[in-house]
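Q: Contents of protein.cif (mmCIF, C-alpha atoms and all ligand atoms) are below:
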data_model
loop_
_atom_site.label_atom_id
_atom_site.label_comp_id
_atom_site.auth_asym_id
_atom_site.auth_seq_id
_atom_site.Cartn_x
_atom_site.Cartn_y
_atom_site.Cartn_z
CA MET A 30 120.51 96.23 85.63
CA ILE A 31 119.73 98.37 88.71
CA ARG A 32 117.52 101.41 88.27
CA VAL A 33 117.61 103.97 91.08
CA ARG A 34 115.07 106.80 91.24
CA PRO A 35 113.33 109.05 93.75
CA VAL A 36 110.36 107.45 95.50
CA GLU A 37 106.92 108.13 93.98
CA VAL A 38 103.37 108.13 95.34
CA ALA A 39 102.70 104.71 93.75
CA ASP A 40 105.59 103.24 95.81
CA ALA A 41 103.93 103.96 99.16
CA GLU A 42 103.08 100.33 100.01
CA ALA A 43 106.40 98.90 98.78
CA TRP A 44 108.33 101.64 100.59
CA PHE A 45 106.37 100.82 103.76
CA GLY A 46 107.36 97.14 103.46
CA LEU A 47 111.05 97.93 103.04
CA ARG A 48 111.04 100.58 105.78
CA ASP A 49 109.27 98.26 108.21
CA ALA A 50 111.86 95.56 107.48
CA LEU A 51 114.70 97.98 108.33
CA TRP A 52 113.02 99.64 111.33
CA PRO A 53 110.44 97.08 112.57
CA GLY A 54 107.75 97.74 115.12
CA THR A 55 106.44 101.22 114.30
CA PRO A 56 103.96 100.64 111.42
CA ASP A 57 101.72 103.59 112.31
CA ASP A 58 104.72 105.92 112.44
CA HIS A 59 105.92 104.62 109.06
CA ARG A 60 102.53 105.18 107.47
CA THR A 61 102.26 108.71 108.92
CA GLU A 62 105.79 109.63 107.82
CA ILE A 63 105.35 108.14 104.34
CA ARG A 64 102.05 109.97 103.84
CA ALA A 65 103.58 113.26 105.00
CA PHE A 66 106.66 112.85 102.79
CA LEU A 67 104.71 111.95 99.66
CA SER A 68 102.12 114.69 100.09
CA ASP A 69 104.70 117.43 100.64
CA PRO A 70 108.28 116.25 99.91
CA PRO A 71 110.73 118.11 102.21
CA ALA A 72 113.47 120.00 100.34
CA ARG A 73 116.19 118.74 102.70
CA GLU A 74 115.27 115.04 102.52
CA THR A 75 115.05 112.37 99.88
CA CYS A 76 114.13 108.74 99.55
CA LEU A 77 115.70 106.83 96.68
CA VAL A 78 114.44 103.44 95.63
CA ALA A 79 116.03 100.67 93.57
CA GLU A 80 113.97 98.75 91.02
CA GLY A 81 114.73 95.15 90.14
CA PRO A 82 114.36 93.67 86.65
CA ASP A 83 110.59 93.06 87.18
CA GLY A 84 110.03 96.67 88.30
CA GLY A 85 109.51 95.71 91.95
CA LEU A 86 111.42 97.63 94.61
CA THR A 87 114.51 95.83 95.92
CA GLY A 88 115.86 98.50 98.28
CA PHE A 89 115.71 102.07 99.47
CA ALA A 90 117.88 104.76 100.98
CA GLU A 91 116.74 107.77 102.98
CA LEU A 92 118.99 110.80 103.19
CA ARG A 93 118.76 114.27 104.63
CA LEU A 94 120.88 117.38 104.93
CA ARG A 95 122.11 117.76 108.51
CA GLU A 96 123.67 120.98 109.78
CA TYR A 97 126.24 118.98 111.75
CA ALA A 98 127.59 115.45 111.78
CA ASP A 99 130.29 114.00 114.05
CA GLY A 100 133.72 114.00 112.46
CA CYS A 101 132.72 116.33 109.62
CA THR A 102 134.12 119.81 109.07
CA SER A 103 131.62 121.22 106.56
CA SER A 104 127.94 122.11 106.66
CA PRO A 105 125.45 120.98 105.57
CA VAL A 106 126.41 117.31 105.45
CA GLY A 107 124.62 114.67 103.41
CA TYR A 108 123.48 112.10 105.97
CA LEU A 109 122.57 108.52 105.14
CA GLU A 110 119.66 108.02 107.54
CA GLY A 111 118.89 104.49 106.45
CA ILE A 112 119.64 102.03 103.67
CA TYR A 113 118.12 98.61 103.12
CA VAL A 114 118.20 95.94 100.43
CA ALA A 115 115.80 92.98 100.46
CA PRO A 116 117.69 89.79 101.44
CA GLY A 117 117.31 88.06 98.05
CA HIS A 118 118.93 91.01 96.26
CA ARG A 119 122.03 91.60 98.39
CA ARG A 120 125.65 91.58 97.22
CA ARG A 121 124.68 92.66 93.71
CA GLY A 122 125.55 96.35 94.05
CA VAL A 123 122.04 97.60 94.89
CA ALA A 124 123.10 99.51 98.03
CA ALA A 125 126.18 100.84 96.23
CA ALA A 126 123.92 102.22 93.47
CA LEU A 127 121.54 103.75 96.04
CA LEU A 128 124.45 105.36 97.88
CA ALA A 129 125.98 106.72 94.65
CA ALA A 130 122.65 108.36 93.80
CA GLY A 131 122.40 109.70 97.36
CA GLU A 132 125.88 111.17 97.09
CA ALA A 133 124.93 112.89 93.83
CA TRP A 134 121.80 114.27 95.56
CA ALA A 135 123.93 115.68 98.42
CA ARG A 136 126.62 117.03 96.09
CA ALA A 137 123.97 118.86 94.06
CA ARG A 138 122.93 120.60 97.32
CA GLY A 139 126.42 121.87 98.06
CA CYS A 140 127.67 119.05 100.31
CA THR A 141 131.32 118.08 100.28
CA GLU A 142 130.99 115.38 102.97
CA MET A 143 128.67 112.44 103.65
CA ALA A 144 128.08 110.89 107.06
CA SER A 145 126.25 107.85 108.36
CA ASP A 146 126.00 105.53 111.36
CA ARG A 147 125.27 101.92 112.20
CA ALA A 148 124.61 99.74 115.23
CA LEU A 149 127.81 98.45 116.81
CA ASP A 150 126.90 94.81 116.13
CA ASN A 151 125.87 95.39 112.49
CA GLU A 152 129.11 94.28 110.94
CA GLY A 153 127.66 93.74 107.45
CA SER A 154 126.71 97.41 107.43
CA GLY A 155 130.21 98.28 108.65
CA ARG A 156 131.78 96.34 105.79
CA PHE A 157 129.44 98.03 103.32
CA HIS A 158 130.31 101.52 104.61
CA GLU A 159 134.02 100.84 104.50
CA ALA A 160 133.83 99.28 101.04
CA ARG A 161 132.11 102.45 99.82
CA GLY A 162 134.76 104.80 101.21
CA PHE A 163 133.44 105.76 104.65
CA ALA A 164 135.99 105.94 107.47
CA GLU A 165 134.98 105.39 111.09
CA VAL A 166 135.25 108.61 113.11
CA GLU A 167 133.68 107.81 116.48
CA ARG A 168 131.98 105.18 118.69
CA ALA A 169 129.25 106.10 121.17
CA VAL A 170 127.77 104.34 124.21
CA LEU A 171 124.12 105.33 124.79
CA TYR A 172 122.42 105.13 128.21
CA ARG A 173 118.87 105.20 129.54
CA LYS A 174 117.13 104.77 132.86
CA GLU A 175 113.54 104.42 133.96
CA LEU A 176 111.97 107.52 135.60
C1 LIG A 201 124.10 96.68 104.29
C2 LIG A 201 123.25 96.46 103.02
C3 LIG A 201 122.41 97.72 102.78
C4 LIG A 201 124.19 96.22 101.83
O1 LIG A 201 123.39 96.08 100.66
P1 LIG A 201 123.93 95.32 99.33
O2 LIG A 201 123.08 95.72 98.20
O3 LIG A 201 124.07 93.88 99.63
O4 LIG A 201 125.37 95.96 99.20
P2 LIG A 201 126.26 95.99 97.84
O5 LIG A 201 126.01 94.77 97.04
O6 LIG A 201 126.06 97.29 97.16
O7 LIG A 201 127.71 95.91 98.48
C5 LIG A 201 128.78 96.75 98.07
C6 LIG A 201 130.03 96.26 98.80
O8 LIG A 201 129.88 96.43 100.22
C7 LIG A 201 130.48 95.31 100.90
N1 LIG A 201 129.43 94.55 101.60
C8 LIG A 201 128.08 94.73 101.51
N2 LIG A 201 127.43 93.89 102.36
C9 LIG A 201 128.38 93.16 102.97
C10 LIG A 201 128.35 92.13 103.95
N3 LIG A 201 127.20 91.66 104.48
N4 LIG A 201 129.53 91.59 104.36
C11 LIG A 201 130.71 92.02 103.87
N5 LIG A 201 130.81 93.01 102.92
C12 LIG A 201 129.66 93.57 102.49
C13 LIG A 201 131.16 94.46 99.83
O9 LIG A 201 132.49 94.96 99.65
C14 LIG A 201 130.30 94.77 98.62
O10 LIG A 201 130.97 94.56 97.39
P3 LIG A 201 131.10 93.02 96.82
O11 LIG A 201 129.75 92.39 96.94
O12 LIG A 201 131.53 93.26 95.40
O13 LIG A 201 132.11 92.36 97.68
C15 LIG A 201 122.34 95.21 103.16
O14 LIG A 201 123.12 94.13 103.60
C16 LIG A 201 121.18 95.39 104.11
O15 LIG A 201 120.12 95.88 103.74
N6 LIG A 201 121.39 95.01 105.39
C17 LIG A 201 120.31 95.11 106.39
C18 LIG A 201 120.00 96.56 106.72
C19 LIG A 201 121.21 97.31 107.20
O16 LIG A 201 122.04 96.81 107.96
N7 LIG A 201 121.29 98.56 106.74
C20 LIG A 201 122.33 99.46 107.14
C21 LIG A 201 121.91 100.11 108.40
S1 LIG A 201 123.14 101.27 108.91
#
Kindly return the structure encoded in the file as structure tokens.
A:
Amino acid sequence: MIRVRPVEVADAEAWFGLRDALWPGTPDDHRTEIRAFLSDPPARETCLVAEGPDGGLTGFAELRLREYADGCTSSPVGYLEGIYVAPGHRRRGVAAALLAAGEAWARARGCTEMASDRALDNEGSGRFHEARGFAEVERAVLYRKEL
């Protein structure tokens, strides 16, 4: 039984742990962003969390409304900014349940399209997106140089 719900103030530490596992290396940024979100939740963003049978958090998804997303023809678009399920809870439909709740959130705000992205080498994420109905629309090569 997977329960998905919006994040709450009491989830701050668990959300931090999951967020840091997905995007490691910026703990201060995570804490600042989590504090800001929980103290004044932005209307155009949400964080959904999944609870396991013991009530602990097993995954989260962050979404926002974006004015534009590559390959989409409508605006705003519901954008899946990040989704993560703790390793011991994968392949049990947790991410699918988080995404379904995220889609309902976007639909309720007038969206008719969802968009997302992934790193080129993250094939597990690619399989997940395709299994849940996303179609690839573009590939990008990003550059940087030292100044
Ligand atoms: C990608 C991720 C969120 C999927 O979470 P999950 O809860 O295991 O996904 P689900 O159980 O809901 O999977 C739904 C379907 O997606 C597909 N799928 C999910 N993960 C897959 C994988 N690693 N390999 C192949 N197919 C996969 C399957 O079709 C699966 O259905 P099935 O298990 O009945 O075959 C999870 O693996 C994860 O957190 N990965 C690390 C973080 C990450 O890559 N996030 C995405 C960044 S863009």
Q: Which protein, DNA or RNA residues have an atom within 6 Å of ligand LIG 201 (chain A), counting all atoms listed in the file, as a list in words?
A: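 Checking all atoms listed in the file against ligand LIG 201 (chain A) at 6 Å gives Leu51, Gly111, Ile112, Tyr113, Val114, Arg119, Arg120, Arg121, Gly122, Val123, Ala124, Ala125, Asp146, Arg147, Gly153, Ser154, Arg156, Phe157 and Ala160 of chain A.
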Q: Report the distance between CA of Trp52 (chain A) and CA of Glu74 (chain A) in Å, rounded to one decimal place.
A: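 For CA of Trp52 (chain A) relative to CA of Glu74 (chain A), the distance reads 17.9 Å.
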Q: At a cut-off of 12 Å, using only C-alpha atoms, what residues contact Gly131 (chain A)? Leave out same-chain residues fewer than 2 positions from it and give the result as an NGL selection string.
A: :A and (33-35 or 74-79 or 89-94 or 106-112 or 124-129 or 133-138 or 140 or 142-145)
Q: Can you tell me how far CA of Trp44 (chain A) sits from CA of Gly81 (chain A), in Å to one decimal?
A: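 According to the coordinates, CA of Trp44 (chain A) and CA of Gly81 (chain A) are separated by 13.9 Å.
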Q: Between CA of Arg64 (chain A) and CA of Ala41 (chain A), what is the spacing in Å?
A: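 Between these atoms lies a distance of 7.8 Å.
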Q: Do you know which residues are at most 10 Å from Leu149 (chain A) counting all atoms listed in the file, after dropping those on the same chain fewer than 3 positions away, and could you put them as a list in words?
A: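 Near neighbours after the sequence-gap exclusion: Asp146, Glu152, Ser154, Gly155, Arg168, Ala169 and Val170 of chain A.
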Q: Nearest to His118 (chain A): which of A:Gly100, A:Gly88, A:Pro105, A:Gly139 is it, counting only C-alpha atoms?
A: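 For His118 (chain A), the nearest of the given residues is A:Gly88.
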Q: Kindly indicate which residue among A:Val36, A:Glu42, A:Arg95, A:Thr87 lies nearest to Phe66 (chain A), using all atoms listed in the file for the distances.
A: A:Val36
Q: Might you pull out every residue within 12 Å of Ile63 (chain A), with all atoms listed in the file counted and same-chain residues fewer than 4 positions away left off, and present them as a PyMOL selection string?
A: chain A and resi 36-49+56-59+67-71+75-76+91
Q: Restrict the selected residues to C-alpha atoms and save them as a PDB file, in the frame of the given file.
A:
ATOM      1  CA  VAL A  36     110.360 107.450  95.500  1.00  0.00           C
ATOM      2  CA  GLU A  37     106.920 108.130  93.980  1.00  0.00           C
ATOM      3  CA  VAL A  38     103.370 108.130  95.340  1.00  0.00           C
ATOM      4  CA  ALA A  39     102.700 104.710  93.750  1.00  0.00           C
ATOM      5  CA  ASP A  40     105.590 103.240  95.810  1.00  0.00           C
ATOM      6  CA  ALA A  41     103.930 103.960  99.160  1.00  0.00           C
ATOM      7  CA  GLU A  42     103.080 100.330 100.010  1.00  0.00           C
ATOM      8  CA  ALA A  43     106.400  98.900  98.780  1.00  0.00           C
ATOM      9  CA  TRP A  44     108.330 101.640 100.590  1.00  0.00           C
ATOM     10  CA  PHE A  45     106.370 100.820 103.760  1.00  0.00           C
ATOM     11  CA  GLY A  46     107.360  97.140 103.460  1.00  0.00           C
ATOM     12  CA  LEU A  47     111.050  97.930 103.040  1.00  0.00           C
ATOM     13  CA  ARG A  48     111.040 100.580 105.780  1.00  0.00           C
ATOM     14  CA  ASP A  49     109.270  98.260 108.210  1.00  0.00           C
ATOM     15  CA  PRO A  56     103.960 100.640 111.420  1.00  0.00           C
ATOM     16  CA  ASP A  57     101.720 103.590 112.310  1.00  0.00           C
ATOM     17  CA  ASP A  58     104.720 105.920 112.440  1.00  0.00           C
ATOM     18  CA  HIS A  59     105.920 104.620 109.060  1.00  0.00           C
ATOM     19  CA  LEU A  67     104.710 111.950  99.660  1.00  0.00           C
ATOM     20  CA  SER A  68     102.120 114.690 100.090  1.00  0.00           C
ATOM     21  CA  ASP A  69     104.700 117.430 100.640  1.00  0.00           C
ATOM     22  CA  PRO A  70     108.280 116.250  99.910  1.00  0.00           C
ATOM     23  CA  PRO A  71     110.730 118.110 102.210  1.00  0.00           C
ATOM     24  CA  THR A  75     115.050 112.370  99.880  1.00  0.00           C
ATOM     25  CA  CYS A  76     114.130 108.740  99.550  1.00  0.00           C
ATOM     26  CA  GLU A  91     116.740 107.770 102.980  1.00  0.00           C
TER      27      GLU A  91
END
Q: Between A:Val166, A:Ile31, A:Ala98, A:Leu171, which has the minimum distance to Ala130 (chain A) (counting all atoms listed in the file)?
A: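 Comparing A:Val166, A:Ile31, A:Ala98, A:Leu171 against Ala130 (chain A), the winner is A:Ile31.
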Q: Can you tell me, as JSON, the centre and edge lengths (Å, one decimal) of the axis-aligned box enclosing all of region 156-161 of chain A's listed atoms after padding each side by 3 Å?
A:
{"center_x": 131.7, "center_y": 99.4, "center_z": 102.8, "size_x": 10.6, "size_y": 12.1, "size_z": 12.0}
